[in-house]
Structures are given as structure tokens and as C-alpha cells.
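Shown below: start25.pdb, with PDB, C-alpha atoms.
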ATOM      1  CA  MET A 249     104.482  84.867  87.901
ATOM      2  CA  LYS A 250     103.108  88.226  86.795
ATOM      3  CA  THR A 251     106.057  90.428  87.688
ATOM      4  CA  PRO A 252     106.705  93.604  85.696
ATOM      5  CA  ARG A 253     107.776  92.813  82.154
ATOM      6  CA  GLN A 254     111.481  93.361  81.456
ATOM      7  CA  PRO A 255     110.942  96.210  78.959
ATOM      8  CA  GLU A 256     108.647  97.943  81.474
ATOM      9  CA  LEU A 257     111.271  97.720  84.197
ATOM     10  CA  VAL A 258     114.113  98.876  81.959
ATOM     11  CA  ALA A 259     112.095 101.879  80.742
ATOM     12  CA  TRP A 260     111.114 102.710  84.326
ATOM     13  CA  VAL A 261     114.742 102.610  85.517
ATOM     14  CA  TYR A 262     115.885 104.937  82.720
ATOM     15  CA  GLU A 263     113.040 107.338  83.474
ATOM     16  CA  GLN A 264     113.834 107.412  87.203
ATOM     17  CA  LEU A 265     117.497 108.121  86.516
ATOM     18  CA  LYS A 266     116.577 110.836  84.015
ATOM     19  CA  LYS A 267     114.517 112.563  86.721
ATOM     20  CA  ARG A 268     117.679 112.589  88.838
ATOM     21  CA  GLY A 269     119.772 114.009  86.002
ATOM     22  CA  LYS A 270     121.574 110.727  85.413
ATOM     23  CA  LYS A 271     122.231 108.329  82.553
ATOM     24  CA  THR A 272     123.389 104.723  82.518
ATOM     25  CA  SER A 273     124.185 101.776  80.265
ATOM     26  CA  PRO A 274     122.182  98.652  79.388
ATOM     27  CA  GLN A 275     124.814  96.615  81.232
ATOM     28  CA  ALA A 276     124.359  98.634  84.408
ATOM     29  CA  VAL A 277     120.562  98.338  84.219
ATOM     30  CA  SER A 278     120.846  94.593  83.697
ATOM     31  CA  ARG A 279     123.136  94.297  86.718
ATOM     32  CA  LEU A 280     120.794  96.432  88.818
ATOM     33  CA  LEU A 281     117.773  94.261  88.009
ATOM     34  CA  GLU A 282     119.814  91.144  88.674
ATOM     35  CA  ALA A 283     120.810  92.505  92.085
ATOM     36  CA  VAL A 284     117.516  93.988  93.244
ATOM     37  CA  GLY A 285     114.783  92.185  91.304
ATOM     38  CA  PRO A 286     111.475  93.726  90.168
ATOM     39  CA  ASP A 287     110.418  95.293  93.470
ATOM     40  CA  LEU A 288     109.811  98.942  92.546
ATOM     41  CA  LEU A 289     110.211 100.235  96.096
ATOM     42  CA  LEU A 290     113.593  98.554  96.465
ATOM     43  CA  LEU A 291     114.633  99.688  93.009
ATOM     44  CA  GLU A 292     113.714 103.268  93.842
ATOM     45  CA  GLN A 293     115.782 103.098  97.032
ATOM     46  CA  GLU A 294     118.793 101.703  95.176
ATOM     47  CA  LEU A 295     118.485 104.307  92.404
ATOM     48  CA  GLU A 296     118.512 107.058  95.009
ATOM     49  CA  LYS A 297     121.645 105.540  96.562
ATOM     50  CA  LEU A 298     123.281 105.296  93.133
ATOM     51  CA  SER A 299     122.418 108.897  92.373
ATOM     52  CA  LEU A 300     124.010 110.082  95.600
ATOM     53  CA  TYR A 301     127.031 107.804  95.217
ATOM     54  CA  SER A 302     127.803 108.957  91.677
ATOM     55  CA  GLY A 303     127.862 112.579  92.851
ATOM     56  CA  PRO A 304     128.572 115.073  90.063
ATOM     57  CA  ARG A 305     129.080 112.311  87.509
ATOM     58  CA  GLN A 306     126.224 112.185  85.029
ATOM     59  CA  VAL A 307     126.638 108.489  84.209
ATOM     60  CA  VAL A 308     125.869 105.663  86.659
ATOM     61  CA  THR A 309     128.197 102.783  85.825
ATOM     62  CA  GLU A 310     128.009  99.036  86.233
ATOM     63  CA  GLU A 311     130.804  99.344  88.801
ATOM     64  CA  ASP A 312     128.626 101.739  90.810
ATOM     65  CA  VAL A 313     125.858  99.143  90.902
ATOM     66  CA  LEU A 314     128.238  96.414  92.071
ATOM     67  CA  THR A 315     129.590  98.693  94.794
ATOM     68  CA  VAL A 316     126.377 100.222  96.086
ATOM     69  CA  CYS A 317     123.430  97.913  95.542
ATOM     70  CA  THR A 318     122.270  95.306  98.009
ATOM     71  CA  TRP A 319     121.760  91.840  96.557
ATOM     72  CA  GLN A 320     118.348  90.458  97.390
ATOM     73  CA  LYS A 321     117.140  86.934  98.006
ATOM     74  CA  THR A 322     114.846  85.240  95.496
ATOM     75  CA  TYR A 323     111.806  86.571  97.335
ATOM     76  CA  ASP A 324     110.654  90.087  96.595
ATOM     77  CA  ARG A 325     107.713  92.048  97.946
ATOM     78  CA  PHE A 326     106.461  92.815  94.486
ATOM     79  CA  ALA A 327     105.912  89.119  93.750
ATOM     80  CA  ILE A 328     103.570  88.477  96.679
ATOM     81  CA  GLU A 329     101.659  91.705  96.014
ATOM     82  CA  GLU A 330     101.254  90.787  92.352
ATOM     83  CA  ALA A 331     100.010  87.319  93.275
ATOM     84  CA  MET A 332      97.466  88.713  95.738
ATOM     85  CA  GLU A 333      96.326  91.444  93.391
ATOM     86  CA  SER A 334      96.044  89.738  90.027
ATOM     87  CA  GLY A 335      97.278  86.184  90.423
ATOM     88  CA  SER A 336      95.955  83.035  92.012
ATOM     89  CA  LEU A 337      96.207  81.223  95.322
ATOM     90  CA  GLU A 338      98.614  78.784  93.697
ATOM     91  CA  GLU A 339     100.926  81.627  92.705
ATOM     92  CA  ALA A 340     100.809  83.206  96.166
ATOM     93  CA  LEU A 341     101.575  79.864  97.825
ATOM     94  CA  SER A 342     104.412  79.284  95.344
ATOM     95  CA  VAL A 343     106.004  82.638  96.223
ATOM     96  CA  THR A 344     105.643  81.829  99.918
ATOM     97  CA  THR A 345     107.084  78.334  99.545
ATOM     98  CA  ARG A 346     110.065  79.693  97.629
ATOM     99  CA  PHE A 347     110.676  82.285 100.321
ATOM    100  CA  LEU A 348     110.446  79.749 103.160
ATOM    101  CA  SER A 349     112.733  77.312 101.324
ATOM    102  CA  GLU A 350     115.563  79.822 101.740
ATOM    103  CA  GLN A 351     115.321  79.303 105.514
ATOM    104  CA  PRO A 352     114.712  82.949 106.440
ATOM    105  CA  ASP A 353     115.411  84.177 109.943
ATOM    106  CA  VAL A 354     112.719  85.586 112.210
ATOM    107  CA  SER A 355     113.221  89.182 111.083
ATOM    108  CA  GLU A 356     112.879  88.173 107.424
ATOM    109  CA  ILE A 357     109.678  86.253 108.150
ATOM    110  CA  ILE A 358     108.256  89.273 109.959
ATOM    111  CA  SER A 359     109.257  91.472 107.008
ATOM    112  CA  TYR A 360     107.520  89.084 104.575
ATOM    113  CA  PHE A 361     104.365  89.063 106.679
ATOM    114  CA  THR A 362     104.534  92.857 106.959
ATOM    115  CA  SER A 363     104.493  93.074 103.151
ATOM    116  CA  ILE A 364     101.260  91.072 103.076
ATOM    117  CA  SER A 365      99.791  93.166 105.891
ATOM    118  CA  ARG A 366     100.747  96.433 104.233
ATOM    119  CA  TYR A 367      99.021  95.412 101.026
ATOM    120  CA  VAL A 368      95.778  94.374 102.746
ATOM    121  CA  LEU A 369      95.770  97.525 104.879
ATOM    122  CA  SER A 370      96.222  99.643 101.761
ATOM    123  CA  LEU A 371      93.240  97.891 100.178
ATOM    124  CA  ALA A 372      91.078  98.509 103.243
ATOM    125  CA  GLN A 373      92.024 102.192 103.314
ATOM    126  CA  ALA A 374      91.515 102.547  99.572
ATOM    127  CA  LYS A 375      88.100 100.881  99.772
ATOM    128  CA  PHE A 376      87.027 103.379 102.422
ATOM    129  CA  GLU A 377      88.268 106.357 100.414
ATOM    130  CA  VAL A 378      86.599 105.169  97.206
ATOM    131  CA  ASP A 379      83.259 104.096  98.713
ATOM    132  CA  GLN A 380      82.843 106.562 101.584
ATOM    133  CA  LYS A 381      84.810 109.620 100.495
ATOM    134  CA  LYS A 382      83.920 109.094  96.822
ATOM    135  CA  MET A 383      87.506 109.558  95.684
ATOM    136  CA  PRO A 384      88.340 108.331  92.148
ATOM    137  CA  VAL A 385      90.142 104.997  92.100
ATOM    138  CA  LYS A 386      92.974 106.439  90.010
ATOM    139  CA  GLU A 387      93.560 109.239  92.524
ATOM    140  CA  VAL A 388      93.746 106.753  95.394
ATOM    141  CA  PHE A 389      96.049 104.480  93.406
ATOM    142  CA  LYS A 390      98.436 107.317  92.538
ATOM    143  CA  LYS A 391      98.661 108.241  96.210
ATOM    144  CA  LEU A 392      99.508 104.649  97.121
ATOM    145  CA  LYS A 393     101.964 104.169  94.226
ATOM    146  CA  PRO A 394     103.829 107.472  93.815
ATOM    147  CA  GLN A 395     106.775 105.651  92.227
ATOM    148  CA  LEU A 396     104.648 104.786  89.174
ATOM    149  CA  SER A 397     104.278 107.462  86.500
ATOM    150  CA  GLU A 398     100.970 107.774  84.683
ATOM    151  CA  GLY A 399     101.327 106.983  80.996
ATOM    152  CA  TRP A 400     103.623 104.001  81.432
ATOM    153  CA  SER A 401     102.210 100.574  80.567
ATOM    154  CA  LEU A 402     103.084  99.315  84.047
ATOM    155  CA  PHE A 403     100.972 102.100  85.594
ATOM    156  CA  ASP A 404      97.950 101.145  83.496
ATOM    157  CA  ARG A 405      98.333  97.438  84.176
ATOM    158  CA  LYS A 406      98.744  97.900  87.924
ATOM    159  CA  LEU A 407      95.829 100.358  88.104
ATOM    160  CA  GLU A 408      93.536  97.905  86.327
ATOM    161  CA  ALA A 409      94.543  95.048  88.644
ATOM    162  CA  PHE A 410      94.196  97.258  91.724
ATOM    163  CA  ALA A 411      90.719  98.430  90.707
ATOM    164  CA  ALA A 412      89.576  94.859  90.021
ATOM    165  CA  CYS A 413      90.867  93.664  93.381
ATOM    166  CA  LEU A 414      89.175  96.568  95.130
ATOM    167  CA  ARG A 415      85.834  95.673  93.516
ATOM    168  CA  ALA A 416      86.189  92.052  94.615
ATOM    169  CA  PHE A 417      86.023  92.880  98.332
ATOM    170  CA  SER A 418      83.459  94.540 100.539
ATOM    171  CA  GLN A 419      84.623  96.876 103.298
ATOM    172  CA  LYS A 420      83.429  94.348 105.870
ATOM    173  CA  GLU A 421      85.541  91.599 104.289
ATOM    174  CA  LEU A 422      88.658  93.745 104.217
ATOM    175  CA  ASP A 423      88.144  94.827 107.827
ATOM    176  CA  SER A 424      87.863  91.172 108.856
ATOM    177  CA  LEU A 425      91.132  90.419 107.071
ATOM    178  CA  VAL A 426      92.833  93.298 108.872
ATOM    179  CA  ARG A 427      91.685  91.897 112.226
ATOM    180  CA  GLU A 428      92.950  88.449 111.246
ATOM    181  CA  LEU A 429      96.341  89.955 110.363
ATOM    182  CA  GLY A 430      96.518  91.380 113.885
ATOM    183  CA  ARG A 431      95.878  87.968 115.399
ATOM    184  CA  ILE A 432      98.502  86.332 113.183
ATOM    185  CA  ASP A 433     101.042  89.032 113.998
ATOM    186  CA  LEU A 434     100.573  88.319 117.702
ATOM    187  CA  LYS A 435     100.984  84.568 117.155
ATOM    188  CA  LEU A 436     104.130  85.045 115.068
ATOM    189  CA  LYS A 437     105.729  87.100 117.823
ATOM    190  CA  SER A 438     104.536  85.184 120.883
ATOM    191  CA  THR A 439     104.116  81.488 120.008
ATOM    192  CA  ASP A 440     106.059  78.636 118.443
ATOM    193  CA  LEU A 441     103.454  78.041 115.749
ATOM    194  CA  GLU A 442     105.032  77.496 112.337
ATOM    195  CA  ALA A 443     105.052  80.747 110.407
ATOM    196  CA  GLY A 444     104.446  79.068 107.056
ATOM    197  CA  ILE A 445     101.188  77.493 108.246
ATOM    198  CA  LEU A 446      99.869  80.807 109.595
ATOM    199  CA  ILE A 447     100.764  82.751 106.458
ATOM    200  CA  GLU A 448      99.440  80.114 104.078
ATOM    201  CA  ALA A 449      96.165  79.844 106.005
ATOM    202  CA  PHE A 450      95.726  83.606 105.705
ATOM    203  CA  LEU A 451      96.397  83.507 101.974
ATOM    204  CA  VAL A 452      93.771  80.789 101.551
ATOM    205  CA  ARG A 453      91.238  82.972 103.371
ATOM    206  CA  PHE A 454      92.218  86.032 101.328
ATOM    207  CA  PHE A 455      91.627  84.243  98.030
ATOM    208  CA  GLN A 456      88.406  82.670  99.269
ATOM    209  CA  LEU A 457      87.037  86.148  99.798
ATOM    210  CA  ARG A 458      88.607  87.664  96.687
ATOM    211  CA  ASP A 459      87.279  84.937  94.439
ATOM    212  CA  LYS A 460      84.075  84.424  96.454
ATOM    213  CA  LYS A 461      84.667  80.679  96.870
ATOM    214  CA  ILE A 462      83.365  80.480 100.413
ATOM    215  CA  ASP A 463      81.574  77.358 101.603
TER     216      ASP A 463
END
Could you show the structure in this file as C-alpha cells?
Amino acid sequence: MKTPRQPELVAWVYEQLKKRGKKTSPQAVSRLLEAVGPDLLLLEQELEKLSLYSGPRQVVTEEDVLTVCTWQKTYDRFAIEEAMESGSLEEALSVTTRFLSEQPDVSEIISYFTSISRYVLSLAQAKFEVDQKKMPVKEVFKKLKPQLSEGWSLFDRKLEAFAACLRAFSQKELDSLVRELGRIDLKLKSTDLEAGILIEAFLVRFFQLRDKKID
């Protein structure tokens, strides 16, 4: 799975803490990544909590991480976004299967589906801004990913994958996916249809359009 590389994540964590006037140890960073995983949004939230919790202390300790940070399940939002952006259908289905195998409750399933929806909606909006408003792809990407600092290898890698994914879709295709997400959302909340089947069927359609393998 193409999650952020460990050195990229470690460097990013140190940089985020530095911006907050904090330092930490390799042990604390390791514990943080073990607790939260590679999801940058979750990491940013936990770093903000750690910064507030440590107060006037300049150093965030391993004990702080154990006290403050929420331990996540195997699934993370970054993994499904990465699979949809630069991976394959097989990878996206693998992430989904792993998530469902943990027997999530209804709220967790809705949260997982929301992550997929948010990503597709961001693509549709970005496509409009790039094609219709003639905004540079990098400018749109930076607005969508404010937690990524330009100059880091993770920024460059994510920008390249985002731009490639954006080129793969037409506006009409993305709009059709957004409408399909609305229909699935209604079914998830109002019927007894199995969530896994609905989500997997959407992922198949997404990759058919992304990879242009439509019958």
C-alpha cells in the first residue's frame, strides 16, 4: 500500500511540532505513528492536542502521547485516498475488506464512506477550478492540502498523483460519480443493503472511469 514513507512522516511530524515551538524524541514520534497511523489529518489533530497538553513545556514526551492520543483501528482515511489516487482497484478493495473485517459499527461505516465521498467531491471541485477558472493545479492542491508543506518529498509525490488523477477524469465523469455517491448515501441510511457491496461497487465504477476500462 502506498502510504507515506516512514522517513517522510517522521520529518513531517518534527516540522509540525517545530512550527508549534515544540520538540520531541524519536521514541515519542514512533509511539505517535503507532497510535494514529499515517493519516495526516488525524496526525495534525493529535499534534495540536499534544501541543496544548504539554503547555509551557518545550518537549513533547512519549508519556504525553500515551496519555493524549487516540488509538486508531487498522483502517485510516489516508489509505483509501492513496489507493483511489495512485493505487489500483485491488488495493482499494483490500483496504475496504480490512476495514470491514474489523466489524465496524454503523457510524464507522458512514465515516469510511464519507472519506471516499470527500475525496471524490474534492476532485470534482478541483476539476472545475482547473478547467473552468483556469487555476494552476498546484494552487488548487495547496488549498485542499494545507497540512502539506511545499518542498517536502511527500508534497511533491502527492501533487503528482493528484494531478494525474485529475487528468484521468472528465468533469462529466466526476459529476456522475458525485450523483452516485448521493444515491449510495441514501441507501446506506435507509435500507438494509450490505454496506460492503455498495462501497465496493462504487470503487469498481470509480476505477473503471479512472483507468478508462469501460465496456
message = Using all atoms listed in the file, can you tell me which of A:Ser438, A:Thr362, A:Thr272, A:Gln293 comes closest to Ile328 of chain A?
response =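 Closest to Ile328 of chain A, using all atoms listed in the file: A:Thr362.
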Residues within 12 Å of (111.6, 99.4, 78.1), file coords, all atoms listed in the file, listed as number ranges by chain = A: 252-263, 274, 277-278, 400-402
key: Target residues per the PyMOL selection byres ((chain A and resi 310-315) around 12), formatted as a PyMOL selection string   = chain A and resi 271-284+291+294-303+305+307-309+316-319
Selection dump of the PyMOL selection byres ((chain A and resi 365) around 10), as a ChimeraX atom specification = /A:359-364,366-371,425-426,428-430,433
Coordinates-based distance that separates atom CA of Gln419 of chain A from atom CA of Phe376 of chain A (Å, one decimal) =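 Taking atom CA of Phe376 of chain A as the start and atom CA of Gln419 of chain A as the end point, the length is 7.0 Å.
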message = I'd like to know which of A:Phe326, A:Leu289, A:Ser355, A:Ala372 is closest to Arg415 of chain A, using all atoms listed in the file.
response =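 Selected residue with least distance to Arg415 of chain A: A:Ala372.
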task = Go ahead and compute the interatomic distance for atom CA of Ala327 of chain A and atom CA of Ala449 of chain A, in Å to one decimal.
result =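 Computed distance, atom CA of Ala327 of chain A to atom CA of Ala449 of chain A, equals 18.2 Å.
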task = For Val452 of chain A, work out the shell of residues within 12 Å, counting only C-alpha atoms and skipping chain neighbours fewer than 5 positions away, then give it as a ChimeraX atom specification.
result = /A:332,336-341,425,445-447,457-462
key: Within 9 Å of Ala409 of chain A using only C-alpha atoms, minus same-chain residues under 6 positions, as number ranges by chain   = A: 330, 333-334
key: Polymer residues at most 10 Å from Ala443 of chain A, all atoms listed in the file, same-chain spacing of 4 or more positions, as a PyMOL selection string   = chain A and resi 348+354+357-358+361+432-433+435-437+439+447-449
task = For atom CA of Lys406 of chain A and atom CA of Glu387 of chain A, determine how far apart the two atoms are, in Å to one decimal place.
result =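 These two atoms are separated by 13.3 Å.
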key: Pick from A:Arg346, A:Gly399, A:Glu292, A:Gly269, whichever lies nearest to Gly444 of chain A using all atoms listed in the file   =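 Closest to Gly444 of chain A of all the choices is A:Arg346.
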ask   = Which one of A:Ser349, A:Asp404, A:Gln395, A:Asp440 sits closest to Leu290 of chain A if you count all atoms listed in the file?
value =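 Going through A:Ser349, A:Asp404, A:Gln395, A:Asp440 one by one, the smallest distance to Leu290 of chain A is for A:Gln395.
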